[in-house]
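Working notes, structure below.
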Amino acid sequence: MVTSATKGPLSTGPVTTMSHGISAASSSASSYSHDTGMEPGDQHNLNRPTTANPLRKHRHGSTSDDSIKGRIRRASMSLKGIVLRERRGSEPATNINEHSEMRPTTSHSTWHRLRQAASFRHPRNSYGSPDQLETIYSPVPPEYPALPVPGNGLRPPIIPWHTGAAARLAAAGAQSESFDYTGRYLCQQLMSPQNDRESGIGITLTACTSQADVLMEESAPIIRRDFITMLPSELAIQILSQLDATQLATASRVSRSWYLMVQDQHIWRNSFLREKTSTYASSSPIQPGSGSGVPLIRPKNDWLKIYKAREELDQRWKIGKKARAVYLNGHMDSVYCQQFDENKVITGSRDKTIRIWDMHTLQCRLIIGPPDVVNDTSLLFDAAGDPTHYALYTDNRQTVSSVPVTVSFPIHHSASILCLQYDDDILVTGSSDSTCIVYSVRSGYRPVRRLEFHTAAVLDLAFDDKYIVTCSKDCSIVVWDRATFTVVKQLNGHTGPVNAVQLRGNTLVSCSGDFTVKLWNIDSGKVIRDFTGHTKGLACSQFSDDGRFVASAGSDKVIRIWDANTGECLREIQAHESLVRSLHIDSASGRLVSGSYDTDIKVFDMETGVQTLDFPGWHASWVLSAKCDYRRIVSTGQDAKILIMDFGADVSNVEMLESTRRHEVACEIRSAGFI
């Protein structure tokens, strides 16, 4: 060790120099061009000749005082630069700019050469020759790690100099967590009544274990536990019933015990009722047994098979190419209207008859009409003596034919059947003879009352538990009391024939040839809102089950979907190439089915307005009515045919989705004494 008491501007006392040791990390000269840390007052020392390197004297063996003073000065300057660099790293950007304004901007200046000569970080001098300057020891230990070392207890983490901010933050976070744990422990010890809170007596500290290590040690055995087997079966079933079909299939492959547990009917029942009862535009979920693809809850139901059947059926709707099409033949003229369920189809025609068809056997069971029509032998047999009622598949394969029962009542229609609707109790039909007839379903479709008020053809009708609403070519809408069949109110506001009505509670929607769609309040008899935007007469309109959406279409070939609450047109669909004659909203699935005079049937997504299915040219002429449920699309047309497109044909166990009796139609007719 050599000590020096030389006086100078940078030496105020004895300075200890260190012998050669471990060399510091190297760096390029340009990376430190702004880190010398020189004071402005020291710049007069930079005027020495650039070719006179004071280091050379020492390398050649000079031991003069100037050489010792130079080495001390250079070491002091380097240390000072390091300190100032650390300070600048924590200062705002404005301070850094202020310091940088006083520094030279060229790397060839005297400032730069002095920094190269004074820096102990560089193994070579400014001339490229080996530097023999005695190196000041770096504070970095010889065994400095290449990777971060987390803190242990109260020991701080060790961060390598070359690591980035992410590693530093992670280590600091771990250390902070350790200190937090220690702080809580100390607080508990200090609050203990066994210590005096002023000294360290009674406080015991142990080495802290990382929280991540504790979690890993505690969670490792839990992961390997078969909790489904260990839990009571009732609780395991409740857990598994929260999974969908894909997750249940994955769970069943874990082990044999899991497979057996997944087969439990309770699991699949809960999964089915949770996933398959949601609706798009209904005020409540689908109720089991309502005829919408959710069967009644019975003890003998195989819910796994039911789920699989419904899932395959839904996939077929998405594909649209696996529907089995069949035509029902029997009507003699255009079929204007129809309604269907899981067991039957009821149709009304220009041939003045109402016909009831069995959905399962595809046979016509009953014909209701005027005496002169039903007593005609050509109604049941053709000239060759073959039955006129039969089902025909698209490959011209004819199924079993049928000979229906024919009946005529004193109360009957004398003209075309233009509209109809039924429920479990009544069937109501409207005709070109300007009247409506109410039939009792439970008594074998016997007529109960004729409704007479309109002065022209009844074009459409709708009813619920309280009202029957009819609209007519006379531009009026009439509201009837269902219980007494008396007129409650007449609604006038349209200036053209009212072609369609739909009822939801005390609100109804109507459309007319006057280009408008109107929303009415039945109690007040006033128009709530007009939906304007169509450019030609309207032929059809629909109301969603929850009353949120209205759909309308007509001669302008455009389908419009409206917000019933605001009157805003939500979607405008360029649907067909001719007049759109029929619309149907399936509120459960969100499907919108349309039929047009261009002979096409199309299915749209109510949410997006995107066309999902297209059945072009399935009727030989105009499509007059098209509706759907969870399984089928049924349409009728001017070609006198009824088209049934069954997406559930050949789906295994699809009959398990049905809710009502299979032979309801035959039982009703038999109980009425017709067969």
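Each chain of the structure tokens is named A, B, ... in the order shown, its residues numbered from 1; ligands are numbered from 1 in display order.
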
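Within 7 Å of Leu592 in chain A, once only C-alpha atoms are used and residues closer than 5 positions along the same chain are dropped, the contacting residues are His584, Ile585, Asp586, Val603, Phe604, Asp605 and Met606 of chain A.
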
So that I can see what lies close to range 521-532 of chain A, please list as an mmCIF file with N, CA and C atoms, in the first residue's frame the residues with an atom at most 6 Å from it, counting only C-alpha atoms and leaving out residues fewer than 4 positions away in the same chain.
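As written to disk, out33.cif reads:
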data_model
loop_
_atom_site.group_PDB
_atom_site.id
_atom_site.type_symbol
_atom_site.label_atom_id
_atom_site.label_comp_id
_atom_site.auth_asym_id
_atom_site.auth_seq_id
_atom_site.Cartn_x
_atom_site.Cartn_y
_atom_site.Cartn_z
ATOM 1 N N ASN A 506 -101.884 -6.877 -23.623
ATOM 2 C CA ASN A 506 -102.813 -5.831 -24.040
ATOM 3 C C ASN A 506 -102.248 -5.000 -25.191
ATOM 4 N N THR A 507 -101.237 -5.547 -25.859
ATOM 5 C CA THR A 507 -100.596 -4.865 -26.985
ATOM 6 C C THR A 507 -100.701 -5.741 -28.220
ATOM 7 N N THR A 516 -97.713 0.827 -43.597
ATOM 8 C CA THR A 516 -97.370 1.087 -42.203
ATOM 9 C C THR A 516 -97.546 -0.151 -41.326
ATOM 10 N N VAL A 517 -96.765 -0.141 -40.237
ATOM 11 C CA VAL A 517 -96.909 -1.108 -39.148
ATOM 12 C C VAL A 517 -97.288 -0.301 -37.915
ATOM 13 N N GLY A 567 -89.276 1.960 -31.565
ATOM 14 C CA GLY A 567 -89.650 2.165 -32.951
ATOM 15 C C GLY A 567 -88.476 2.190 -33.899
#

DSSP alpha helix (DSSP H) selection over range 330-516 of chain A, as a ChimeraX atom specification: /A:371-374

File dump, residues just selected, N, CA and C atoms, as a PDB file, in the first residue's frame:
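Once written, part_36.pdb looks like this:
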ATOM      1  N   PRO A 371    -121.244 -28.955 -46.951  1.00  0.00           N
ATOM      2  CA  PRO A 371    -121.775 -30.245 -47.400  1.00  0.00           C
ATOM      3  C   PRO A 371    -121.474 -30.558 -48.863  1.00  0.00           C
ATOM      4  N   ASP A 372    -121.572 -29.583 -49.726  1.00  0.00           N
ATOM      5  CA  ASP A 372    -121.366 -29.853 -51.137  1.00  0.00           C
ATOM      6  C   ASP A 372    -119.923 -30.241 -51.460  1.00  0.00           C
ATOM      7  N   VAL A 373    -119.017 -29.867 -50.592  1.00  0.00           N
ATOM      8  CA  VAL A 373    -117.609 -30.198 -50.818  1.00  0.00           C
ATOM      9  C   VAL A 373    -117.285 -31.563 -50.225  1.00  0.00           C
ATOM     10  N   VAL A 374    -117.629 -31.787 -48.984  1.00  0.00           N
ATOM     11  CA  VAL A 374    -117.231 -33.026 -48.317  1.00  0.00           C
ATOM     12  C   VAL A 374    -117.994 -34.245 -48.844  1.00  0.00           C
TER      13      VAL A 374
END

Using only C-alpha atoms: which of A:Ile642, A:Ala456, A:Arg449, A:Ile426 has the shortest distance to Leu362 in chain A: A:Ile642

Surrounding residues of Pro410 in chain A excluding itself and chain neighbours under 2 positions, 9 Å, only C-alpha atoms, as a ChimeraX atom specification: /A:370-371,408,412,447

d(CA of Leu273 in chain A, CA of Lys318 in chain A) in Å: 20.8 Å

Neighbour list for Ser582 in chain A as a VMD selection string, cut-off 6 Å, only C-alpha atoms, skip fewer than 6 positions in-chain: chain A and resid 540 594 to 595 625

Keeping N, CA and C atoms, export the residues of the selection given above as a PDB file, in the first residue's frame.
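Output (out.pdb):
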ATOM      1  N   CYS A 540     -97.270  -9.135 -44.115  1.00  0.00           N
ATOM      2  CA  CYS A 540     -97.145  -9.956 -42.908  1.00  0.00           C
ATOM      3  C   CYS A 540     -96.352  -9.205 -41.842  1.00  0.00           C
ATOM      4  N   SER A 594     -89.033 -17.020 -43.432  1.00  0.00           N
ATOM      5  CA  SER A 594     -89.794 -16.238 -44.403  1.00  0.00           C
ATOM      6  C   SER A 594     -90.156 -17.095 -45.605  1.00  0.00           C
ATOM      7  N   GLY A 595     -91.319 -16.800 -46.185  1.00  0.00           N
ATOM      8  CA  GLY A 595     -91.762 -17.440 -47.419  1.00  0.00           C
ATOM      9  C   GLY A 595     -92.184 -16.377 -48.405  1.00  0.00           C
ATOM     10  N   SER A 625     -97.457 -19.646 -46.632  1.00  0.00           N
ATOM     11  CA  SER A 625     -97.265 -19.710 -45.185  1.00  0.00           C
ATOM     12  C   SER A 625     -96.040 -20.561 -44.889  1.00  0.00           C
TER      13      SER A 625
END

8 Å contact set for Glu452 in chain A, only C-alpha atoms, chain neighbours under 4 positions out, as a VMD selection string: chain A and resid 434 to 436

Using N, CA and C atoms, can you export the residues from the last selection as a PDB file, in the first residue's frame?
ATOM      1  N   SER A 434    -116.142 -13.255 -44.677  1.00  0.00           N
ATOM      2  CA  SER A 434    -116.126 -12.146 -43.712  1.00  0.00           C
ATOM      3  C   SER A 434    -116.497 -12.571 -42.297  1.00  0.00           C
ATOM      4  N   THR A 435    -116.506 -13.862 -42.000  1.00  0.00           N
ATOM      5  CA  THR A 435    -116.829 -14.341 -40.655  1.00  0.00           C
ATOM      6  C   THR A 435    -115.693 -15.196 -40.099  1.00  0.00           C
ATOM      7  N   CYS A 436    -115.786 -15.422 -38.793  1.00  0.00           N
ATOM      8  CA  CYS A 436    -114.889 -16.342 -38.100  1.00  0.00           C
ATOM      9  C   CYS A 436    -115.743 -17.404 -37.402  1.00  0.00           C
TER      10      CYS A 436
END

Set out as JSON lines a contact list for range 504-609 of chain A and range 457-469 of chain A with a cut-off of 12 Å, giving each residue of range 504-609 of chain A that qualifies its closest atom pair and distance in Å to one decimal, counting only C-alpha atoms, ordered by chain and rising residue number.
{"residue": "A:Arg504", "atom": "CA", "partner": "A:Asp464", "partner_atom": "CA", "distance": 7.9}
{"residue": "A:Gly505", "atom": "CA", "partner": "A:Asp464", "partner_atom": "CA", "distance": 7.8}
{"residue": "A:Asn506", "atom": "CA", "partner": "A:Tyr467", "partner_atom": "CA", "distance": 8.8}
{"residue": "A:Thr507", "atom": "CA", "partner": "A:Tyr467", "partner_atom": "CA", "distance": 10.8}
{"residue": "A:Leu508", "atom": "CA", "partner": "A:Val469", "partner_atom": "CA", "distance": 8.8}
{"residue": "A:Val509", "atom": "CA", "partner": "A:Ala462", "partner_atom": "CA", "distance": 10.5}
{"residue": "A:Ser510", "atom": "CA", "partner": "A:Asp460", "partner_atom": "CA", "distance": 9.8}
{"residue": "A:Cys511", "atom": "CA", "partner": "A:Asp460", "partner_atom": "CA", "distance": 10.5}
{"residue": "A:Ser512", "atom": "CA", "partner": "A:Leu459", "partner_atom": "CA", "distance": 10.6}
{"residue": "A:Gly513", "atom": "CA", "partner": "A:Leu459", "partner_atom": "CA", "distance": 11.9}
{"residue": "A:Trp520", "atom": "CA", "partner": "A:Val469", "partner_atom": "CA", "distance": 11.8}
{"residue": "A:Ile522", "atom": "CA", "partner": "A:Tyr467", "partner_atom": "CA", "distance": 9.6}
{"residue": "A:Asp523", "atom": "CA", "partner": "A:Tyr467", "partner_atom": "CA", "distance": 11.2}
{"residue": "A:Ala539", "atom": "CA", "partner": "A:Leu459", "partner_atom": "CA", "distance": 10.0}
{"residue": "A:Cys540", "atom": "CA", "partner": "A:Asp460", "partner_atom": "CA", "distance": 9.4}
{"residue": "A:Ser541", "atom": "CA", "partner": "A:Asp460", "partner_atom": "CA", "distance": 10.6}
{"residue": "A:Gln542", "atom": "CA", "partner": "A:Ala462", "partner_atom": "CA", "distance": 10.9}
{"residue": "A:Phe543", "atom": "CA", "partner": "A:Ala462", "partner_atom": "CA", "distance": 11.1}
{"residue": "A:Asp545", "atom": "CA", "partner": "A:Asp464", "partner_atom": "CA", "distance": 11.9}
{"residue": "A:Ser582", "atom": "CA", "partner": "A:Asp460", "partner_atom": "CA", "distance": 11.8}

Could you write out the selected residues, including C-alpha atoms, as a compact mmCIF listing (two decimals), in the first residue's frame?
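Listing of part-v3.txt after writing:
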# COMPACT_ATOMS: atom_id res chain seq x y z
CA ARG A 504 -99.07 -9.93 -26.84
CA GLY A 505 -100.97 -9.12 -23.65
CA ASN A 506 -102.81 -5.83 -24.04
CA THR A 507 -100.60 -4.86 -26.98
CA LEU A 508 -101.02 -5.89 -30.60
CA VAL A 509 -99.16 -5.18 -33.81
CA SER A 510 -100.76 -4.86 -37.23
CA CYS A 511 -99.61 -4.24 -40.78
CA SER A 512 -101.50 -2.98 -43.80
CA GLY A 513 -101.39 -2.26 -47.48
CA TRP A 520 -101.79 -0.64 -30.46
CA ILE A 522 -106.02 -2.63 -26.55
CA ASP A 523 -107.24 -1.03 -23.33
CA ALA A 539 -98.33 -8.56 -46.26
CA CYS A 540 -97.14 -9.96 -42.91
CA SER A 541 -95.92 -8.98 -39.45
CA GLN A 542 -94.83 -10.84 -36.33
CA PHE A 543 -94.44 -10.09 -32.62
CA ASP A 545 -93.07 -13.66 -27.40
CA SER A 582 -95.12 -15.01 -44.70

Atomic separation - CA of Ser290 in chain A relative to CA of Glu311 in chain A, Å: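 Taking CA of Glu311 in chain A and CA of Ser290 in chain A, their separation equals 18.6 Å.
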
Shell around Tyr390 in chain A at 8 Å using only C-alpha atoms, local window under 3 positions removed, as a PyMOL selection string: chain A and resi 328-330+362-364+387+398-402

Could you take the residues named above and write them with all heavy atoms, as a compact mmCIF listing (two decimals), in the first residue's frame?
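To be explicit, this is the file written out as out08.txt:
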# COMPACT_ATOMS: atom_id res chain seq x y z
N LEU A 328 -97.28 -33.36 -48.33
CA LEU A 328 -98.60 -33.92 -48.04
C LEU A 328 -99.57 -33.45 -49.12
O LEU A 328 -99.75 -32.24 -49.31
CB LEU A 328 -99.09 -33.48 -46.66
CG LEU A 328 -98.17 -33.80 -45.47
CD1 LEU A 328 -98.84 -33.37 -44.17
CD2 LEU A 328 -97.81 -35.27 -45.43
N ASN A 329 -100.17 -34.41 -49.79
CA ASN A 329 -101.09 -34.11 -50.89
C ASN A 329 -102.53 -34.44 -50.47
O ASN A 329 -102.76 -35.41 -49.74
CB ASN A 329 -100.72 -34.93 -52.13
CG ASN A 329 -99.38 -34.55 -52.70
OD1 ASN A 329 -99.26 -33.70 -53.56
ND2 ASN A 329 -98.32 -35.19 -52.20
N GLY A 330 -103.47 -33.63 -50.94
CA GLY A 330 -104.87 -33.87 -50.62
C GLY A 330 -105.75 -32.66 -50.91
O GLY A 330 -106.87 -32.81 -51.39
N LEU A 362 -98.23 -39.06 -41.03
CA LEU A 362 -98.39 -38.23 -42.23
C LEU A 362 -99.71 -38.52 -42.95
O LEU A 362 -99.85 -38.25 -44.14
CB LEU A 362 -97.21 -38.44 -43.20
CG LEU A 362 -95.82 -38.18 -42.61
CD1 LEU A 362 -94.73 -38.46 -43.64
CD2 LEU A 362 -95.70 -36.75 -42.10
N GLN A 363 -100.68 -39.03 -42.22
CA GLN A 363 -102.00 -39.32 -42.79
C GLN A 363 -102.98 -38.20 -42.47
O GLN A 363 -102.90 -37.58 -41.40
CB GLN A 363 -102.54 -40.64 -42.23
CG GLN A 363 -101.72 -41.86 -42.64
CD GLN A 363 -102.25 -43.13 -42.00
OE1 GLN A 363 -102.74 -43.11 -40.87
NE2 GLN A 363 -102.17 -44.25 -42.71
N CYS A 364 -103.89 -37.94 -43.39
CA CYS A 364 -104.96 -36.99 -43.14
C CYS A 364 -106.05 -37.69 -42.35
O CYS A 364 -106.55 -38.75 -42.75
CB CYS A 364 -105.52 -36.45 -44.46
SG CYS A 364 -106.76 -35.17 -44.25
N PRO A 387 -106.58 -43.32 -53.50
CA PRO A 387 -106.78 -42.24 -52.51
C PRO A 387 -106.06 -40.97 -52.94
O PRO A 387 -104.94 -41.00 -53.47
CB PRO A 387 -106.20 -42.82 -51.23
CG PRO A 387 -106.25 -44.30 -51.41
CD PRO A 387 -106.01 -44.53 -52.87
N GLN A 398 -93.67 -42.75 -52.64
CA GLN A 398 -94.95 -42.47 -52.01
C GLN A 398 -95.15 -43.37 -50.80
O GLN A 398 -94.95 -44.58 -50.87
CB GLN A 398 -96.10 -42.68 -53.00
CG GLN A 398 -97.48 -42.37 -52.43
CD GLN A 398 -98.57 -42.47 -53.47
OE1 GLN A 398 -98.33 -42.22 -54.65
NE2 GLN A 398 -99.78 -42.83 -53.06
N THR A 399 -95.53 -42.78 -49.68
CA THR A 399 -95.79 -43.56 -48.47
C THR A 399 -97.24 -44.02 -48.47
O THR A 399 -97.99 -43.80 -49.42
CB THR A 399 -95.49 -42.73 -47.22
OG1 THR A 399 -96.40 -41.62 -47.17
CG2 THR A 399 -94.07 -42.22 -47.24
N VAL A 400 -97.64 -44.63 -47.38
CA VAL A 400 -99.00 -45.14 -47.27
C VAL A 400 -100.02 -44.01 -47.44
O VAL A 400 -99.87 -42.93 -46.89
CB VAL A 400 -99.19 -45.87 -45.92
CG1 VAL A 400 -98.98 -44.91 -44.76
CG2 VAL A 400 -100.56 -46.52 -45.84
N SER A 401 -101.02 -44.25 -48.19
CA SER A 401 -102.08 -43.27 -48.42
C SER A 401 -103.11 -43.36 -47.29
O SER A 401 -103.08 -44.27 -46.46
CB SER A 401 -102.74 -43.50 -49.77
OG SER A 401 -103.24 -44.83 -49.85
N SER A 402 -104.04 -42.43 -47.27
CA SER A 402 -105.04 -42.38 -46.22
C SER A 402 -106.38 -41.93 -46.78
O SER A 402 -106.45 -41.22 -47.79
CB SER A 402 -104.60 -41.44 -45.10
OG SER A 402 -104.42 -40.14 -45.59

Contacts of Ile267 in chain A at 12 Å (only C-alpha atoms; same-chain gap of 4+ positions) as a VMD selection string: chain A and resid 233 to 245 247 to 248 260 to 263 271 to 274 302 to 304 307

Residues flagged strand (DSSP E or B) by DSSP in range 447-636 of chain A, as an MDAnalysis selection string: chainID A and resid 447:452 458:463 467:472 476:481 487:492 498:504 507:512 517:521 526:531 538:543 549:554 558:563 569:574 580:586 591:596 601:605 611:615 623:628 632:636
